[in-house]
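Chemist: Just one file: model31.cif, with mmCIF, C-alpha atoms.
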data_start
loop_
_atom_site.label_atom_id
_atom_site.label_comp_id
_atom_site.auth_asym_id
_atom_site.auth_seq_id
_atom_site.Cartn_x
_atom_site.Cartn_y
_atom_site.Cartn_z
CA MET A 17 -101.05 -25.16 -45.64
CA ARG A 18 -99.07 -28.21 -44.59
CA HIS A 19 -101.10 -30.17 -47.15
CA LEU A 20 -99.61 -28.07 -49.97
CA VAL A 21 -96.17 -29.62 -49.64
CA ALA A 22 -96.60 -31.46 -52.95
CA LEU A 23 -96.82 -28.11 -54.72
CA VAL A 24 -93.66 -26.75 -53.20
CA LEU A 25 -90.38 -26.22 -55.03
CA MET A 26 -87.47 -25.80 -52.65
CA LEU A 27 -85.36 -22.86 -53.63
CA GLY A 28 -81.73 -23.96 -53.23
CA TRP A 29 -79.78 -23.45 -56.46
CA ALA A 30 -78.35 -26.93 -56.59
CA ASP A 31 -81.64 -28.81 -56.84
CA ALA A 32 -84.29 -26.34 -58.00
CA ALA A 33 -85.65 -25.82 -61.47
CA PRO A 34 -85.91 -22.39 -63.12
CA ALA A 35 -89.15 -20.49 -62.58
CA GLN A 36 -91.15 -18.08 -64.68
CA ASP A 37 -91.19 -14.75 -62.87
CA ARG A 38 -94.52 -13.05 -62.40
CA ALA A 39 -92.97 -9.90 -60.93
CA ARG A 40 -89.28 -9.39 -61.39
CA PRO A 41 -87.74 -7.73 -58.31
CA THR A 42 -85.40 -4.78 -58.53
CA LEU A 43 -81.68 -5.42 -58.59
CA LEU A 44 -80.32 -3.49 -55.64
CA ALA A 45 -78.06 -0.58 -56.60
CA ASP A 46 -74.39 -1.18 -55.83
CA ALA A 47 -74.24 1.75 -53.39
CA ASP A 48 -77.22 0.39 -51.44
CA HIS A 49 -75.40 -2.87 -50.69
CA LEU A 50 -73.46 -0.99 -48.00
CA HIS A 51 -76.63 -0.94 -45.90
CA TRP A 52 -77.22 -4.68 -46.28
CA ARG A 53 -73.83 -6.24 -45.54
CA ALA A 54 -75.42 -8.54 -42.94
CA ILE A 55 -77.05 -10.45 -45.82
CA GLY A 56 -74.81 -12.75 -47.81
CA ARG A 57 -74.48 -15.97 -49.75
CA VAL A 58 -74.38 -19.35 -48.06
CA ASN A 59 -72.22 -21.52 -50.31
CA GLN A 60 -71.06 -25.09 -50.21
CA GLY A 61 -67.41 -25.61 -51.07
CA GLY A 62 -66.17 -22.08 -51.72
CA PHE A 63 -67.21 -18.46 -51.93
CA ARG A 64 -67.45 -18.63 -55.76
CA ASP A 65 -69.53 -21.81 -55.77
CA ARG A 66 -72.83 -21.42 -57.62
CA GLY A 67 -74.59 -23.98 -55.43
CA ALA A 68 -75.81 -21.42 -52.95
CA CYS A 69 -78.61 -19.91 -50.91
CA THR A 70 -79.04 -16.67 -48.99
CA GLY A 71 -78.37 -16.13 -45.29
CA ALA A 72 -78.43 -13.29 -42.78
CA LEU A 73 -76.06 -12.52 -39.93
CA VAL A 74 -78.19 -12.42 -36.74
CA ALA A 75 -75.36 -12.48 -34.17
CA PRO A 76 -71.60 -12.00 -34.59
CA ASP A 77 -71.10 -15.74 -35.09
CA LEU A 78 -74.56 -16.91 -36.27
CA VAL A 79 -76.16 -16.93 -39.72
CA LEU A 80 -79.87 -17.65 -40.18
CA THR A 81 -80.87 -19.55 -43.32
CA ALA A 82 -83.15 -22.32 -44.57
CA ALA A 83 -82.43 -25.81 -43.24
CA HIS A 84 -82.63 -27.39 -46.70
CA CYS A 85 -79.69 -25.19 -47.71
CA VAL A 86 -77.45 -26.95 -45.17
CA SER A 87 -79.00 -30.42 -45.02
CA HIS A 88 -79.90 -32.97 -47.69
CA ARG A 89 -82.83 -35.36 -47.45
CA ARG A 90 -80.74 -38.43 -48.26
CA THR A 91 -77.40 -37.67 -46.66
CA GLY A 92 -78.39 -35.41 -43.76
CA PRO A 93 -76.67 -32.23 -42.59
CA VAL A 94 -73.75 -30.86 -44.57
CA ALA A 95 -70.40 -30.91 -42.80
CA PRO A 96 -70.19 -27.38 -41.34
CA GLY A 97 -66.66 -26.90 -42.63
CA LYS A 98 -67.94 -27.16 -46.19
CA LEU A 99 -70.23 -24.16 -45.69
CA GLN A 100 -69.08 -20.65 -46.46
CA PHE A 101 -70.87 -17.43 -45.50
CA VAL A 102 -69.90 -14.50 -47.71
CA ALA A 103 -71.41 -11.37 -46.22
CA GLY A 104 -72.29 -8.49 -48.51
CA TRP A 105 -71.37 -10.36 -51.70
CA LEU A 106 -71.38 -7.98 -54.66
CA LYS A 107 -69.88 -8.88 -58.02
CA GLY A 108 -66.82 -10.56 -56.53
CA ASP A 109 -66.36 -8.23 -53.56
CA PHE A 110 -67.55 -8.96 -50.04
CA ALA A 111 -67.60 -7.49 -46.54
CA ALA A 112 -66.59 -10.64 -44.65
CA HIS A 113 -66.04 -14.35 -45.25
CA ARG A 114 -66.31 -17.12 -42.68
CA THR A 115 -66.43 -20.91 -42.71
CA GLY A 116 -69.11 -22.81 -40.80
CA ALA A 117 -68.21 -24.49 -37.52
CA ALA A 118 -71.53 -26.00 -36.38
CA LEU A 119 -75.20 -26.24 -37.29
CA ILE A 120 -78.18 -25.54 -35.04
CA PHE A 121 -81.61 -26.74 -36.19
CA ALA A 122 -85.07 -25.76 -35.02
CA GLY A 123 -86.23 -27.42 -31.82
CA GLY A 124 -82.68 -28.47 -30.97
CA ALA A 125 -82.90 -31.38 -33.42
CA ASP A 126 -79.81 -33.03 -34.88
CA ALA A 127 -81.35 -32.67 -38.35
CA PRO A 128 -84.52 -31.14 -39.81
CA SER A 129 -87.54 -33.34 -40.45
CA GLY A 130 -87.60 -32.44 -44.14
CA GLY A 131 -90.92 -30.65 -43.80
CA LEU A 132 -91.56 -26.94 -44.03
CA ASP A 133 -92.43 -26.22 -40.40
CA ASP A 134 -88.83 -26.60 -39.23
CA ASP A 135 -87.03 -25.59 -42.44
CA MET A 136 -84.66 -23.14 -40.78
CA ALA A 137 -81.20 -23.38 -39.29
CA LEU A 138 -78.38 -21.40 -37.79
CA ILE A 139 -74.81 -21.72 -39.00
CA ARG A 140 -72.31 -21.04 -36.23
CA LEU A 141 -69.29 -19.42 -37.81
CA SER A 142 -65.70 -20.43 -37.20
CA GLU A 143 -64.95 -16.90 -36.05
CA PRO A 144 -67.28 -14.04 -35.11
CA ILE A 145 -67.67 -11.07 -37.42
CA PRO A 146 -67.13 -7.97 -35.25
CA LYS A 147 -70.18 -5.74 -34.85
CA ALA A 148 -67.99 -2.80 -35.77
CA GLN A 149 -67.55 -4.47 -39.16
CA ILE A 150 -71.12 -5.70 -39.73
CA THR A 151 -74.16 -5.06 -37.54
CA PRO A 152 -76.30 -8.21 -37.26
CA LEU A 153 -79.99 -8.02 -38.16
CA PRO A 154 -82.33 -8.48 -35.18
CA LEU A 155 -85.42 -10.68 -35.15
CA ALA A 156 -88.86 -9.10 -35.13
CA ASP A 157 -92.04 -10.14 -33.38
CA LEU A 158 -94.61 -10.92 -36.06
CA GLN A 159 -97.12 -8.82 -34.14
CA THR A 160 -95.03 -5.70 -34.79
CA ALA A 161 -94.56 -6.39 -38.50
CA GLU A 162 -96.40 -4.02 -40.77
CA PRO A 163 -97.15 -5.00 -44.39
CA PRO A 164 -95.92 -4.89 -46.98
CA LEU A 165 -92.82 -6.84 -46.01
CA THR A 166 -89.49 -6.72 -47.84
CA LEU A 167 -87.42 -9.59 -49.23
CA LEU A 168 -83.72 -9.39 -50.06
CA GLY A 169 -81.87 -12.34 -51.56
CA TYR A 170 -79.45 -13.70 -54.14
CA ARG A 171 -81.51 -15.17 -56.97
CA ARG A 172 -80.03 -17.87 -59.19
CA ASP A 173 -80.51 -15.68 -62.27
CA ARG A 174 -78.77 -12.77 -60.50
CA PRO A 175 -76.20 -14.52 -58.32
CA HIS A 176 -73.74 -11.68 -57.77
CA ALA A 177 -75.95 -8.93 -56.30
CA LEU A 178 -78.97 -8.68 -54.03
CA SER A 179 -82.44 -8.45 -55.49
CA HIS A 180 -84.91 -6.26 -53.64
CA GLN A 181 -88.60 -7.12 -53.41
CA PRO A 182 -90.51 -4.61 -51.26
CA ASP A 183 -94.05 -5.78 -51.99
CA CYS A 184 -94.44 -9.02 -50.01
CA HIS A 185 -97.90 -9.05 -48.48
CA PRO A 186 -98.66 -11.64 -45.76
CA LEU A 187 -101.74 -13.64 -46.75
CA GLY A 188 -102.07 -16.04 -43.85
CA ARG A 189 -100.32 -18.05 -41.19
CA ASP A 190 -100.41 -21.72 -40.26
CA GLY A 191 -98.27 -22.26 -37.16
CA PRO A 192 -94.75 -21.11 -38.07
CA LEU A 193 -95.53 -20.93 -41.80
CA LEU A 194 -96.27 -17.54 -43.32
CA SER A 195 -97.83 -17.37 -46.78
CA LEU A 196 -96.77 -14.41 -48.92
CA SER A 197 -97.84 -12.78 -52.16
CA CYS A 198 -94.35 -12.23 -53.61
CA PRO A 199 -93.16 -14.74 -56.24
CA VAL A 200 -89.63 -16.07 -55.75
CA VAL A 201 -87.13 -18.22 -57.63
CA ALA A 202 -84.19 -20.49 -56.84
CA GLY A 203 -81.42 -18.97 -54.75
CA THR A 204 -83.86 -17.10 -52.54
CA SER A 205 -84.00 -19.89 -49.97
CA GLY A 206 -82.84 -18.60 -46.61
CA ALA A 207 -83.43 -14.96 -47.57
CA PRO A 208 -84.72 -12.78 -44.75
CA VAL A 209 -88.27 -11.46 -44.89
CA LEU A 210 -87.96 -8.03 -43.30
CA THR A 211 -90.06 -5.37 -41.63
CA LEU A 212 -89.16 -1.83 -40.57
CA VAL A 213 -89.68 -1.28 -36.82
CA ASP A 214 -88.88 2.12 -35.31
CA GLY A 215 -86.56 2.88 -38.19
CA ARG A 216 -84.65 -0.40 -37.95
CA TRP A 217 -84.94 -3.39 -40.25
CA GLN A 218 -85.77 -6.65 -38.49
CA ILE A 219 -86.24 -10.24 -39.66
CA VAL A 220 -89.77 -11.61 -39.53
CA ALA A 221 -89.22 -14.96 -41.25
CA VAL A 222 -86.96 -16.98 -43.55
CA MET A 223 -87.97 -17.71 -47.14
CA VAL A 224 -88.17 -21.46 -47.77
CA ALA A 225 -90.34 -22.32 -50.77
CA ARG A 226 -92.20 -21.22 -53.87
CA LEU A 227 -95.87 -21.99 -54.42
CA ASP A 228 -98.22 -21.55 -57.34
CA ASN A 229 -101.51 -21.45 -55.50
CA GLY A 230 -103.46 -18.39 -56.60
CA ALA A 231 -102.53 -15.37 -54.52
CA VAL A 232 -100.07 -17.38 -52.40
CA GLN A 233 -96.74 -17.37 -54.23
CA SER A 234 -94.22 -18.23 -51.52
CA LEU A 235 -93.81 -19.58 -48.01
CA ALA A 236 -91.56 -18.37 -45.22
CA VAL A 237 -91.00 -19.88 -41.79
CA ILE A 238 -90.92 -17.90 -38.55
CA PRO A 239 -87.93 -18.69 -36.26
CA ASP A 240 -88.93 -20.84 -33.31
CA ALA A 241 -88.16 -20.31 -29.62
CA SER A 242 -85.06 -22.51 -29.66
CA LEU A 243 -83.39 -20.53 -32.46
CA ARG A 244 -84.41 -17.23 -30.88
CA LYS A 245 -82.77 -18.31 -27.63
CA ALA A 246 -79.57 -19.38 -29.43
CA ILE A 247 -79.44 -15.97 -31.11
CA ALA A 248 -80.14 -14.08 -27.90
CA ASP A 249 -77.41 -16.04 -26.08
CA ALA A 250 -74.89 -15.17 -28.80
CA GLN A 251 -75.55 -11.44 -28.82
#
Take the structure from the file and write it as structure tokens.
Modeler:
Amino acid sequence: MRHLVALVLMLGWADAAPAQDRARPTLLADADHLHWRAIGRVNQGGFRDRGACTGALVAPDLVLTAAHCVSHRRTGPVAPGKLQFVAGWLKGDFAAHRTGAALIFAGGADAPSGGLDDDMALIRLSEPIPKAQITPLPLADLQTAEPPLTLLGYRRDRPHALSHQPDCHPLGRDGPLLSLSCPVVAGTSGAPVLTLVDGRWQIVAVMVARLDNGAVQSLAVIPDASLRKAIADAQ
């Protein structure tokens, strides 16, 4: 799968081209957003900025997203203070808003390699979001995940509400990379791939790229041990 990098289109809004949808996900009903306030937009510059990805609150002061959403190949990591996490964004309303204070990359690196294997990051927020306000989403063990998986994210063509895609079937794994059947478009980078475990939604992986390779339509990356430890320490 690592040899398919040339086919990949990264999914951040700022640098991704539009895609033809094979299966258009459902726009989540406004009332249902109350259950998903831990998912929000990761913006650069301001909470109304259209250059954005998706992120998920995994601890009171940590947001899990794709590394390419917070780091550029040429210039390196974005200054954390320019990052905004807007939890539960819905048509101009939101549950919480925080500015970034620091970035944590996979493996404890100062910056991602630019490949897919480590395309995930944590944004440490300037101030925790109280659990009484928003309950963070826990991480799942891939062994406990039961297909189909569910994807929730802010697509570029639907930037002001979550789109719900409940039919993501895992098709294979290569190290931390998980190939999925669900087609995705720009804006979905950083979106959590979720499974239901004992009645509670948990994050299996982070969406990072779109593919056009037969049954494989997208790639997600499974959080590594270093990010899991950072999350566990913050809980």
Chemist: To verify the selection step, state as a PDB file with C-alpha atoms, in the frame of the given file which residues the PyMOL selection byres ((chain A and resi 44) around 9) yields on this input.
Modeler:
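New file result.pdb:
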ATOM      1  CA  PRO A  41     -87.740  -7.730 -58.310  1.00  0.00           C
ATOM      2  CA  THR A  42     -85.400  -4.780 -58.530  1.00  0.00           C
ATOM      3  CA  LEU A  43     -81.680  -5.420 -58.590  1.00  0.00           C
ATOM      4  CA  ALA A  45     -78.060  -0.580 -56.600  1.00  0.00           C
ATOM      5  CA  ASP A  46     -74.390  -1.180 -55.830  1.00  0.00           C
ATOM      6  CA  ALA A  47     -74.240   1.750 -53.390  1.00  0.00           C
ATOM      7  CA  ASP A  48     -77.220   0.390 -51.440  1.00  0.00           C
ATOM      8  CA  HIS A  49     -75.400  -2.870 -50.690  1.00  0.00           C
ATOM      9  CA  LEU A 168     -83.720  -9.390 -50.060  1.00  0.00           C
ATOM     10  CA  ALA A 177     -75.950  -8.930 -56.300  1.00  0.00           C
ATOM     11  CA  LEU A 178     -78.970  -8.680 -54.030  1.00  0.00           C
ATOM     12  CA  SER A 179     -82.440  -8.450 -55.490  1.00  0.00           C
ATOM     13  CA  HIS A 180     -84.910  -6.260 -53.640  1.00  0.00           C
TER      14      HIS A 180
END
Chemist: Convert the output of the PyMOL selection byres ((chain A and resi 230) around 12) on the shown file into explicit residues, formatted as a list in words.
Modeler: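 What the PyMOL selection byres ((chain A and resi 230) around 12) grabs from the file is Leu23, Arg38, Leu187, Ser195, Leu196, Ser197, Cys198, Pro199, Arg226, Leu227, Asp228, Asn229, Ala231, Val232, Gln233 and Ser234 of chain A.
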Chemist: So what do you get for CA of Lys147 (chain A) versus CA of Arg57 (chain A), distance-wise?
Modeler: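 According to the coordinates, CA of Lys147 (chain A) and CA of Arg57 (chain A) are separated by 18.6 Å.
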Chemist: Using the chain letters and numbers from the file, give me the residues hit by the PyMOL selection byres ((chain A and resi 80) around 9), as a PyMOL selection string.
Modeler: chain A and resi 70-74+78-79+81-82+136-139+206-208+222+243
Chemist: Here is a test: counting only C-alpha atoms, which residue of A:Thr91, A:Asn59, A:Thr211, A:Thr166 is nearest to Trp105 (chain A)?
Modeler: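 Once distances to Trp105 (chain A) are computed over only C-alpha atoms, the minimum belongs to A:Asn59.
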Chemist: Could you check which of A:Val237, A:Leu155, A:Ala83, A:Leu106 is closest to Phe121 (chain A), using all atoms listed in the file?
Modeler: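 Comparing A:Val237, A:Leu155, A:Ala83, A:Leu106 against Phe121 (chain A), the winner is A:Ala83.
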Chemist: Which distance in Å separates CA of Ala241 (chain A) and CA of Val200 (chain A), to one decimal?
Modeler: 26.5 Å
Chemist: Within 12 Å of Ala248 (chain A), counting all atoms listed in the file, which residues show up once you throw out same-chain ones fewer than 2 positions away? Write them as a list in words, please.
Modeler: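 Once the adjacent positions are removed, what remains is Val74, Ala75, Pro76, Asp77, Leu78, Pro152, Leu153, Pro154, Leu155, Ala241, Ser242, Leu243, Arg244, Lys245, Ala246, Ala250 and Gln251 of chain A.
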Chemist: Which residue gives the smallest distance to Leu235 (chain A) among A:Asp214, A:Asp133, A:Asp249, A:Asp183, with all atoms listed in the file counted?
Modeler: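 Of A:Asp214, A:Asp133, A:Asp249, A:Asp183, the one nearest Leu235 (chain A), counting all atoms listed in the file, is A:Asp133.
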Chemist: Would you mind telling me which residue in A:Cys69, A:Val220, A:Ala54, A:Val102 lies nearest to Ala156 (chain A) when using only C-alpha atoms?
Modeler: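 The answer is A:Val220, which sits nearest to Ala156 (chain A).
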Chemist: As an exercise, work out the distance from CA of Ile238 (chain A) to CA of Leu194 (chain A) in Å and give it to one decimal place.
Modeler: 7.2 Å
Chemist: Please determine, counting all atoms listed in the file, which residue among A:Thr115, A:Ala236, A:Ile150, A:Arg140 has the shortest atom-to-atom distance to His185 (chain A).
Modeler: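 Among A:Thr115, A:Ala236, A:Ile150, A:Arg140, it is A:Ala236 that comes nearest to His185 (chain A).
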